[in-house]
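Below is protein-v2.cif, holding mmCIF, C-alpha atoms.
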data_start
#
loop_
_atom_site.label_atom_id
_atom_site.label_comp_id
_atom_site.auth_asym_id
_atom_site.auth_seq_id
_atom_site.Cartn_x
_atom_site.Cartn_y
_atom_site.Cartn_z
CA MET A 1 -23.03 1.71 -22.42
CA TYR A 2 -20.58 4.42 -21.36
CA LYS A 3 -18.87 4.43 -24.77
CA PHE A 4 -22.23 4.46 -26.56
CA LEU A 5 -23.49 7.45 -24.56
CA LYS A 6 -20.25 9.29 -25.23
CA LEU A 7 -20.55 8.49 -28.94
CA ILE A 8 -24.03 10.01 -29.23
CA GLY A 9 -23.03 13.10 -27.25
CA LYS A 10 -24.87 12.38 -24.00
CA ASP A 11 -23.62 13.52 -20.59
CA THR A 12 -21.58 10.60 -19.27
CA GLU A 13 -20.42 12.01 -15.93
CA LYS A 14 -23.22 10.49 -13.87
CA TYR A 15 -22.55 7.08 -15.42
CA LYS A 16 -18.92 7.05 -14.35
CA LYS A 17 -18.01 4.86 -11.39
CA VAL A 18 -16.06 5.44 -8.21
CA SER A 19 -13.77 2.44 -7.91
CA PHE A 20 -12.11 1.40 -4.67
CA PHE A 21 -9.20 -0.99 -4.20
CA CYS A 22 -8.77 -2.92 -0.94
CA LEU A 23 -5.19 -3.27 0.30
CA GLN A 24 -5.40 -5.70 3.21
CA GLY A 25 -2.59 -7.40 5.13
CA GLN A 26 1.17 -7.31 4.79
CA ILE A 27 2.63 -5.46 1.82
CA THR A 28 4.31 -8.22 -0.16
CA SER A 29 4.63 -9.42 -3.74
CA SER A 30 1.20 -11.04 -3.32
CA MET A 31 -0.42 -7.66 -2.71
CA THR A 32 1.42 -6.19 -5.69
CA TYR A 33 0.14 -9.04 -7.87
CA LYS A 34 -3.45 -8.48 -6.70
CA VAL A 35 -3.12 -4.77 -7.51
CA TYR A 36 -1.72 -5.63 -10.94
CA LYS A 37 -4.65 -7.97 -11.67
CA ALA A 38 -7.19 -5.41 -10.47
CA LEU A 39 -5.70 -2.58 -12.53
CA LYS A 40 -5.53 -4.80 -15.60
CA LYS A 41 -9.33 -5.07 -15.71
CA PHE A 42 -9.89 -1.51 -14.46
CA HIS A 43 -11.33 1.06 -16.90
CA PRO A 44 -10.04 4.49 -15.83
CA GLU A 45 -11.88 6.30 -18.63
CA ASN A 46 -15.12 5.19 -16.97
CA SER A 47 -14.07 6.32 -13.48
CA LYS A 48 -14.95 9.48 -11.63
CA ALA A 49 -12.49 8.78 -8.82
CA ILE A 50 -10.45 5.97 -7.30
CA ALA A 51 -9.91 5.10 -3.66
CA LEU A 52 -7.48 2.93 -1.73
CA ILE A 53 -8.87 1.23 1.38
CA ILE A 54 -5.81 0.45 3.50
CA ASN A 55 -5.63 -1.96 6.40
CA SER A 56 -2.01 -2.95 6.87
CA THR A 57 0.78 -2.79 9.42
CA GLY A 58 3.35 -2.39 6.64
CA GLY A 59 5.72 -4.75 4.91
CA SER A 60 8.05 -4.46 1.96
CA LEU A 61 9.06 -0.90 1.17
CA ALA A 62 9.96 -1.95 -2.37
CA HIS A 63 6.48 -3.33 -3.04
CA ALA A 64 4.83 -0.33 -1.37
CA HIS A 65 6.71 1.85 -3.86
CA ILE A 66 5.66 -0.36 -6.80
CA ILE A 67 2.00 -0.12 -5.75
CA GLN A 68 2.29 3.64 -5.27
CA ARG A 69 3.79 4.06 -8.74
CA LYS A 70 1.06 1.99 -10.39
CA PHE A 71 -1.76 4.09 -8.94
CA ASP A 72 0.14 7.33 -9.43
CA LEU A 73 0.54 6.62 -13.15
CA VAL A 74 -3.18 5.86 -13.54
CA ARG A 75 -4.41 8.97 -11.76
CA LYS A 76 -2.00 11.31 -13.56
CA LYS A 77 -2.57 9.83 -17.00
CA HIS A 78 -6.36 10.02 -16.71
CA ASN A 79 -6.58 12.99 -14.31
CA ILE A 80 -8.57 11.05 -11.71
CA PRO A 81 -8.65 12.15 -8.05
CA LEU A 82 -7.29 9.59 -5.60
CA TYR A 83 -8.74 9.11 -2.12
CA THR A 84 -7.02 7.06 0.57
CA PHE A 85 -8.67 5.62 3.67
CA ALA A 86 -7.14 4.01 6.75
CA GLU A 87 -9.21 1.32 8.42
CA ASP A 88 -7.68 -0.43 11.46
CA TYR A 89 -4.03 0.20 10.60
CA ALA A 90 -1.88 2.17 8.19
CA LEU A 91 1.63 1.82 9.56
CA SER A 92 5.09 2.23 8.05
CA GLY A 93 4.87 1.35 4.33
CA ALA A 94 1.07 1.37 4.55
CA PHE A 95 1.21 4.94 5.91
CA TYR A 96 3.35 5.77 2.88
CA LEU A 97 0.50 4.54 0.65
CA LEU A 98 -2.02 6.47 2.75
CA CYS A 99 -0.09 9.70 2.17
CA MET A 100 -0.36 9.46 -1.61
CA GLY A 101 -4.04 10.43 -1.55
CA ASP A 102 -5.27 13.75 -2.89
CA LYS A 103 -7.65 13.45 0.05
CA ILE A 104 -6.84 11.36 3.12
CA PHE A 105 -9.38 9.97 5.58
CA CYS A 106 -9.17 7.83 8.70
CA ASN A 107 -11.53 6.39 11.25
CA LYS A 108 -11.26 7.98 14.69
CA THR A 109 -9.56 4.89 16.08
CA SER A 110 -7.36 4.06 13.07
CA ILE A 111 -3.76 3.41 14.14
CA VAL A 112 -1.46 5.20 11.72
CA GLY A 113 2.11 6.46 11.40
CA ALA A 114 5.24 4.61 12.57
CA VAL A 115 7.27 5.96 9.67
CA GLY A 116 10.48 3.95 9.66
CA THR A 117 12.13 0.76 8.47
CA GLN A 118 13.40 -2.39 10.09
CA ILE A 119 15.36 -5.46 9.06
CA GLN A 120 14.90 -8.70 10.97
CA THR A 121 17.22 -11.68 10.94
CA LEU A 122 17.16 -14.90 12.94
CA ASN A 123 20.42 -16.13 14.44
CA ILE A 124 20.58 -19.95 14.57
CA LEU A 125 24.23 -20.25 15.58
CA ASN A 126 23.48 -21.60 19.08
CA LEU A 127 21.01 -24.10 17.64
CA LEU A 128 23.62 -25.47 15.23
CA GLU A 129 26.20 -25.69 18.00
CA HIS A 130 23.76 -27.57 20.23
CA TYR A 131 23.21 -30.24 17.57
CA LYS A 132 26.87 -30.16 16.52
CA LEU A 133 26.05 -29.12 12.96
CA GLU A 134 28.50 -27.32 10.72
CA VAL A 135 27.68 -25.03 7.82
CA ARG A 136 30.31 -24.59 5.13
CA THR A 137 30.06 -21.48 2.99
CA PHE A 138 32.20 -20.53 0.01
CA ASN A 139 31.88 -17.00 -1.32
CA SER A 140 33.88 -14.59 -3.42
CA GLY A 141 32.63 -11.23 -2.13
CA SER A 142 33.45 -9.73 1.26
CA ASN A 143 29.80 -8.88 2.03
CA GLU A 144 28.11 -11.93 0.52
CA THR A 145 27.24 -13.49 3.88
CA PHE A 146 26.03 -10.50 5.89
CA LEU A 147 22.44 -11.81 5.98
CA GLN A 148 23.43 -15.30 7.03
CA GLN A 149 21.71 -16.58 10.14
CA LEU A 150 25.02 -17.69 11.59
CA ASP A 151 26.70 -14.45 12.65
CA PRO A 152 26.77 -13.56 16.34
CA LEU A 153 25.25 -10.20 17.22
CA SER A 154 28.72 -8.97 18.14
CA ASN A 155 29.81 -9.23 14.52
CA ASN A 156 30.35 -5.54 13.84
CA THR A 157 30.62 -5.91 10.07
CA SER A 158 27.18 -7.49 9.66
CA THR A 159 25.61 -5.16 12.23
CA ASN A 160 27.00 -2.06 10.55
CA ILE A 161 25.85 -3.19 7.11
CA LEU A 162 22.31 -3.87 8.35
CA GLU A 163 22.14 -0.58 10.24
CA ASN A 164 23.36 1.35 7.19
CA ILE A 165 20.83 -0.33 4.91
CA SER A 166 18.02 0.34 7.38
CA GLU A 167 19.02 4.00 7.69
CA GLN A 168 19.23 4.43 3.91
CA GLN A 169 15.79 2.89 3.47
CA ASN A 170 14.36 5.13 6.18
CA GLN A 171 15.80 8.23 4.53
CA GLN A 172 14.34 7.18 1.18
CA LEU A 173 10.94 6.51 2.76
CA GLN A 174 10.92 9.89 4.49
CA LEU A 175 11.95 11.66 1.28
CA GLN A 176 9.19 10.03 -0.76
CA ILE A 177 6.52 10.78 1.84
CA ARG A 178 7.65 14.42 2.10
CA GLN A 179 7.25 14.81 -1.65
CA MET A 180 3.66 13.56 -1.42
CA ILE A 181 2.61 15.63 1.61
CA GLU A 182 4.51 18.86 0.96
CA ASN A 183 1.31 20.94 1.23
CA ARG A 184 -0.01 19.29 4.39
CA GLN A 185 0.22 20.80 7.85
CA ASN A 186 2.51 19.56 10.64
CA LYS A 187 4.22 17.05 8.37
CA GLU A 188 7.48 17.11 10.34
CA GLN A 189 5.72 16.10 13.57
CA VAL A 190 3.94 13.28 11.76
CA LEU A 191 7.18 11.93 10.27
CA THR A 192 8.97 11.47 13.61
CA GLY A 193 8.15 7.76 13.70
CA SER A 194 5.40 8.20 16.28
CA ILE A 195 2.08 6.38 16.17
CA PHE A 196 -1.19 8.32 16.06
CA ASN A 197 -4.88 7.62 15.90
CA GLY A 198 -7.08 9.12 13.22
CA GLN A 199 -8.67 11.65 15.52
CA GLN A 200 -5.27 13.04 16.51
CA LEU A 201 -4.18 13.48 12.90
CA PHE A 202 -7.40 15.31 12.10
CA GLU A 203 -8.03 17.45 15.17
CA ASP A 204 -4.56 18.02 16.66
CA TYR A 205 -2.31 17.97 13.59
CA LYS A 206 -4.77 19.01 10.84
CA PHE A 207 -2.91 16.51 8.67
CA ILE A 208 -5.76 14.55 7.10
CA ASP A 209 -8.88 15.77 5.33
CA GLY A 210 -11.48 14.15 7.53
CA ILE A 211 -12.81 11.35 9.68
CA GLY A 212 -15.06 8.84 8.01
CA GLN A 213 -15.74 5.41 6.59
CA TYR A 214 -14.99 5.10 2.89
CA LEU A 215 -18.50 4.24 1.68
CA ASN A 216 -20.03 7.18 3.54
CA VAL A 217 -17.39 9.64 2.35
CA LEU A 218 -17.48 8.53 -1.28
CA SER A 219 -21.30 8.50 -1.32
CA ASN A 220 -21.36 12.07 -0.03
CA GLU A 221 -18.71 13.26 -2.48
CA TYR A 222 -20.21 11.48 -5.50
CA PRO A 223 -23.94 11.00 -4.81
CA GLN A 224 -24.82 10.33 -8.46
CA ASN A 225 -22.10 7.80 -9.19
CA LYS A 226 -22.01 4.07 -8.55
CA ILE A 227 -19.37 2.84 -6.10
CA GLU A 228 -17.75 -0.48 -6.94
CA ASN A 229 -15.07 -2.74 -5.51
CA ALA A 230 -12.38 -2.99 -8.18
CA THR A 231 -10.51 -5.76 -6.33
CA GLN A 232 -13.55 -8.00 -6.02
CA LYS A 233 -13.43 -11.11 -8.15
CA THR A 234 -15.75 -11.17 -11.13
CA GLN A 235 -18.33 -13.92 -11.58
CA ARG A 236 -16.18 -15.36 -14.35
CA GLU A 237 -13.12 -15.49 -12.08
CA LYS A 238 -15.15 -17.18 -9.35
CA MET A 239 -16.42 -19.79 -11.82
CA ILE A 240 -12.90 -20.51 -13.08
CA GLU A 241 -11.62 -20.94 -9.52
CA PHE A 242 -14.55 -23.23 -8.70
CA PHE A 243 -13.93 -25.58 -11.63
CA GLU A 244 -10.16 -25.53 -11.11
CA SER A 245 -10.66 -26.59 -7.49
CA LYS A 246 -12.90 -29.47 -8.62
CA LEU A 247 -10.31 -30.67 -11.12
CA LYS A 248 -7.53 -30.89 -8.54
#
What do you get writing this file as structure tokens?
Amino acid sequence: MYKFLKLIGKDTEKYKKVSFFCLQGQITSSMTYKVYKALKKFHPENSKAIALIINSTGGSLAHAHIIQRKFDLVRKKHNIPLYTFAEDYALSGAFYLLCMGDKIFCNKTSIVGAVGTQIQTLNILNLLEHYKLEVRTFNSGSNETFLQQLDPLSNNTSTNILENISEQQNQQLQLQIRQMIENRQNKEQVLTGSIFNGQQLFEDYKFIDGIGQYLNVLSNEYPQNKIENATQKTQREKMIEFFESKLK
């Protein structure tokens, strides 16, 4: 209908939709794949605005960057405003995604911030020694085994490599966030790695644009436009999943 109205010269603005994408849980390849699928069926020419609804404690910085790039390309190519909303959490990499919004909103009690990176490894050396197990590793490079779960914490080489990687990632994360929030107030205080609630960021730091739930905010900003969940499965997708489950 949108294309038909445009073809006959009718005003199409009120028929455009405001599409929101839900980013829930850890930022992993699974979230990136869901975003890819949602954007594949998304029609930006029929959109008045897009919004990201974020509820995540973080995850992979690499996949956070991939997701950010995908939405950034869409909004710039089609000149669509992007809103970001924090629900319960928007920490670390999720805070990075929150900061990409042209307008940023939180709930009063949203837990946001914690800008930083971490690398976790599990050392199983004592477990192997207890069961008298031996691992034999053959490698050609000097740093090939730095992520092995066999090094004692006193191994300075592995520790230094991990610390350097973590610091490099943190610097990259801070740089990318600074580029997105260069016009926002008190950005240096927000990027210290501290954790804030939404009310603090709005009232004390003047960092975000407002306090509010995404449906209320979007309805007020675009009262004439339909709001739809772009990550919700279509009826066709639900039917396919249903029959596939029956065939298993």
So that I can check the surroundings of A:Leu61, please list as a PDB file with C-alpha atoms, in the coordinates of the input every protein, DNA and RNA residue that reaches within 9 Å of it, counting all atoms listed in the file and ignoring chain neighbours fewer than 6 positions away.
ATOM      1  CA  ILE A  27       2.630  -5.460   1.820  1.00  0.00           C
ATOM      2  CA  THR A  28       4.310  -8.220  -0.160  1.00  0.00           C
ATOM      3  CA  SER A  92       5.090   2.230   8.050  1.00  0.00           C
ATOM      4  CA  GLY A  93       4.870   1.350   4.330  1.00  0.00           C
ATOM      5  CA  ALA A  94       1.070   1.370   4.550  1.00  0.00           C
ATOM      6  CA  TYR A  96       3.350   5.770   2.880  1.00  0.00           C
ATOM      7  CA  THR A 117      12.130   0.760   8.470  1.00  0.00           C
ATOM      8  CA  GLN A 169      15.790   2.890   3.470  1.00  0.00           C
ATOM      9  CA  LEU A 173      10.940   6.510   2.760  1.00  0.00           C
TER      10      LEU A 173
END
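Picture a line from atom CA of A:Ser29 to atom CA of A:Ser56; it runs 14.1 Å.
When only C-alpha atoms are used to compute distances to A:Ile104, the closest of the residues A:Val217, A:Ala38, A:Ile124, A:Leu133 turns out to be A:Val217.
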### Task
Using the chain letters and numbering of this document, enumerate as a ChimeraX atom specification the residues selected by the PyMOL selection byres ((chain A and resi 58) around 12).
/A:23-28,31,54-57,59-65,89-98,111-118
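The two atoms in question, atom CA of A:Asn225 and atom CA of A:Asn107, are spaced 23.1 Å apart.
Atom CA of A:Asp102 is positioned 10.6 Å from atom CA of A:Asp72.
In terms of minimum interatomic distance to A:Phe21, A:Tyr36 ranks closest within A:Lys226, A:Asn216, A:Leu128, A:Tyr36, counting all atoms listed in the file.
Taking only C-alpha atoms into account, A:Glu221 lies nearest to A:Lys103 out of the set A:Lys70, A:Lys76, A:Lys103, A:Lys34.
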Determine, counting all atoms listed in the file, which protein, DNA and RNA residues have an atom within 12 Å of an atom of A:Asn183; residues of the same chain fewer than 5 positions away are not included. Present the result as a PDB file with C-alpha atoms, keeping the file's coordinate frame.
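Listing of out.pdb after writing:
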ATOM      1  CA  CYS A  99      -0.090   9.700   2.170  1.00  0.00           C
ATOM      2  CA  MET A 100      -0.360   9.460  -1.610  1.00  0.00           C
ATOM      3  CA  ASP A 102      -5.270  13.750  -2.890  1.00  0.00           C
ATOM      4  CA  LYS A 103      -7.650  13.450   0.050  1.00  0.00           C
ATOM      5  CA  ILE A 177       6.520  10.780   1.840  1.00  0.00           C
ATOM      6  CA  ARG A 178       7.650  14.420   2.100  1.00  0.00           C
ATOM      7  CA  GLU A 188       7.480  17.110  10.340  1.00  0.00           C
ATOM      8  CA  LYS A 206      -4.770  19.010  10.840  1.00  0.00           C
ATOM      9  CA  PHE A 207      -2.910  16.510   8.670  1.00  0.00           C
ATOM     10  CA  ILE A 208      -5.760  14.550   7.100  1.00  0.00           C
TER      11      ILE A 208
END
### Message
Calculated over all atoms listed in the file, which of the candidates A:Thr231, A:Ser30, A:Thr109, A:Asn126 has the smallest distance to A:Gln200?
### Response
A:Thr109
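Ranking A:Ile227, A:Val35, A:Leu73, A:Leu247 by their shortest atom-to-atom distance to A:Ser19, with all atoms listed in the file included, puts A:Ile227 first.
Residues with any atom within 6 Å of A:Phe85, counting all atoms listed in the file and excluding same-chain neighbours fewer than 5 positions away, are Ile53, Ile54, Phe105 and Cys106 of chain A.
Selection by the PyMOL selection byres ((chain A and resi 16-18) around 8) on the present file picks out Tyr2, Thr12, Glu13, Lys14, Tyr15, Ser19, Phe20, Asn46, Ser47, Lys48, Ala49, Ile50, Ala51, Leu218, Tyr222, Asn225, Lys226, Ile227 and Glu228 of chain A.
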### Summary
Of A:Ala86, A:Phe71, A:Tyr205, A:Gln174, the one sitting nearest A:Thr32 when using only C-alpha atoms is A:Phe71
